[in-house]
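**Student:** Here it is, the structure, as structure tokens.
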Amino acid sequence: MKKENKTFSARGMAEIAIMTAIAFGLDFLQGGLWRGVFVNGGSIGLAMVPILVLCYRRGFLSGLISGIVLAFLQMLGGVYAIADSWYKVLFQILLDYVLAYPVVAVAGLFYVPFQNAKSNKEKIGFVAIGSTIGGILKFLCHFLAGVLFWPNNALGGKYTYSLIYNGGYMLPNIILSIAIMIVLVVKVPSVFNYEKGGNKDEQ
């Protein structure tokens, strides 16, 4: 059984840094493209894909570190919170920023079965399941924040509004991310193999 490789090696940390930078760039770009469309935040794009690639290339821990760093970078760019007390602000930031990208790394729990899969069909299955779960967890973070801190009585109440509003960008994000991951599995499988060419990771 193939084990998760050494996350904290020089090569491992370099890959995390590169993929996080790509994710941050995609998040920044899609945020600009959709500014004004989702008035309370949110955008459609591929920012989850670099984290998902890390999850299936190196495992849960690498994806988690990337998600945490990405959340930190997002907060450096500014935090938009509307809660009426400091502890509510912290809880809102926790849901909308601190947890939103790190939870995507749950897809990394499928790293071992993905790496041990014997066919592309099996790999596509693990990619689809893990990416869906990671995306749903991210959606739940935004959904709960919407219910608790962005209440709106339109469309049948705050639960329905938050479901429609956050689902409006998270569902396309999940579908797009799964589609790109499947294309990578089929067309560029080496993306998920850090030992391609027989070069073992550093100690």
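Residue names in the structure tokens use chain letters A, B, ... in the order shown, residue numbers from 1 in each chain, and ligand numbers from 1 in the order shown.
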Could you go through segment 75-146 of chain A and tell me which residues DSSP, when run on the backbone, assigns to helix (DSSP H, G or I), listing them as number ranges by chain?
**Tutor:** A: 75-76, 86-98, 102-116, 120-146
**Student:** Generate a file of the selected residues that holds C-alpha atoms, formatted as a short mmCIF file (atom, residue, chain, number, x, y, z; two decimals), in the first residue's frame.
**Tutor:**
data_model
loop_
_atom_site.label_atom_id
_atom_site.label_comp_id
_atom_site.auth_asym_id
_atom_site.auth_seq_id
_atom_site.Cartn_x
_atom_site.Cartn_y
_atom_site.Cartn_z
CA MET A 75 -8.04 37.33 5.46
CA LEU A 76 -4.96 39.44 4.76
CA TRP A 86 -16.99 40.65 18.63
CA TYR A 87 -17.64 36.97 19.39
CA LYS A 88 -20.19 36.75 16.57
CA VAL A 89 -17.67 38.37 14.24
CA LEU A 90 -15.11 35.71 15.20
CA PHE A 91 -17.63 32.94 14.58
CA GLN A 92 -18.58 34.41 11.22
CA ILE A 93 -14.92 34.68 10.20
CA LEU A 94 -14.45 31.07 11.33
CA LEU A 95 -17.20 29.85 9.01
CA ASP A 96 -16.70 32.12 5.99
CA TYR A 97 -12.89 32.23 6.01
CA VAL A 98 -10.98 30.02 8.46
CA PRO A 102 -9.47 23.78 4.83
CA VAL A 103 -12.57 21.55 4.89
CA VAL A 104 -12.05 20.86 1.17
CA ALA A 105 -9.01 18.82 2.24
CA VAL A 106 -11.34 16.08 3.49
CA ALA A 107 -11.04 14.84 -0.09
CA GLY A 108 -7.51 13.77 0.90
CA LEU A 109 -8.98 10.95 2.99
CA PHE A 110 -9.43 9.18 -0.36
CA TYR A 111 -5.73 9.57 -1.21
CA VAL A 112 -4.72 5.95 -0.48
CA PRO A 113 -7.57 4.21 -2.35
CA PHE A 114 -7.09 6.66 -5.23
CA GLN A 115 -3.37 5.90 -5.48
CA ASN A 116 -4.02 2.16 -5.22
CA ASN A 120 -9.17 5.27 -14.35
CA LYS A 121 -12.79 4.38 -13.64
CA GLU A 122 -11.94 3.68 -10.01
CA LYS A 123 -9.80 6.83 -9.74
CA ILE A 124 -12.56 8.96 -11.23
CA GLY A 125 -14.95 7.51 -8.65
CA PHE A 126 -12.67 8.43 -5.73
CA VAL A 127 -12.06 11.89 -7.19
CA ALA A 128 -15.78 12.51 -7.64
CA ILE A 129 -16.69 11.31 -4.15
CA GLY A 130 -13.92 13.17 -2.32
CA SER A 131 -14.35 16.39 -4.29
CA THR A 132 -18.10 16.32 -3.72
CA ILE A 133 -17.72 15.81 0.03
CA GLY A 134 -15.09 18.57 0.27
CA GLY A 135 -17.28 20.92 -1.76
CA ILE A 136 -20.38 20.15 0.30
CA LEU A 137 -18.51 20.85 3.53
CA LYS A 138 -17.38 24.20 2.12
CA PHE A 139 -20.97 24.94 1.13
CA LEU A 140 -22.17 24.07 4.65
CA CYS A 141 -19.73 26.61 6.14
CA HIS A 142 -21.14 29.37 3.93
CA PHE A 143 -24.72 28.15 4.40
CA LEU A 144 -24.47 28.30 8.20
CA ALA A 145 -22.84 31.72 8.03
CA GLY A 146 -25.68 32.85 5.77
#
**Student:** Quick one: pull the distance between atom CA of Gly168 of chain A and atom CA of Leu33 of chain A, Å, one decimal.
**Tutor:**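 Result for atom CA of Gly168 of chain A versus atom CA of Leu33 of chain A: 15.3 Å, one decimal.
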**Student:** Measuring between only C-alpha atoms, which one of A:Met13, A:Val53, A:Val188, A:Ala100 shows the shortest distance to Met170 of chain A?
**Tutor:**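 Closest residue, counting only C-alpha atoms: A:Ala100.
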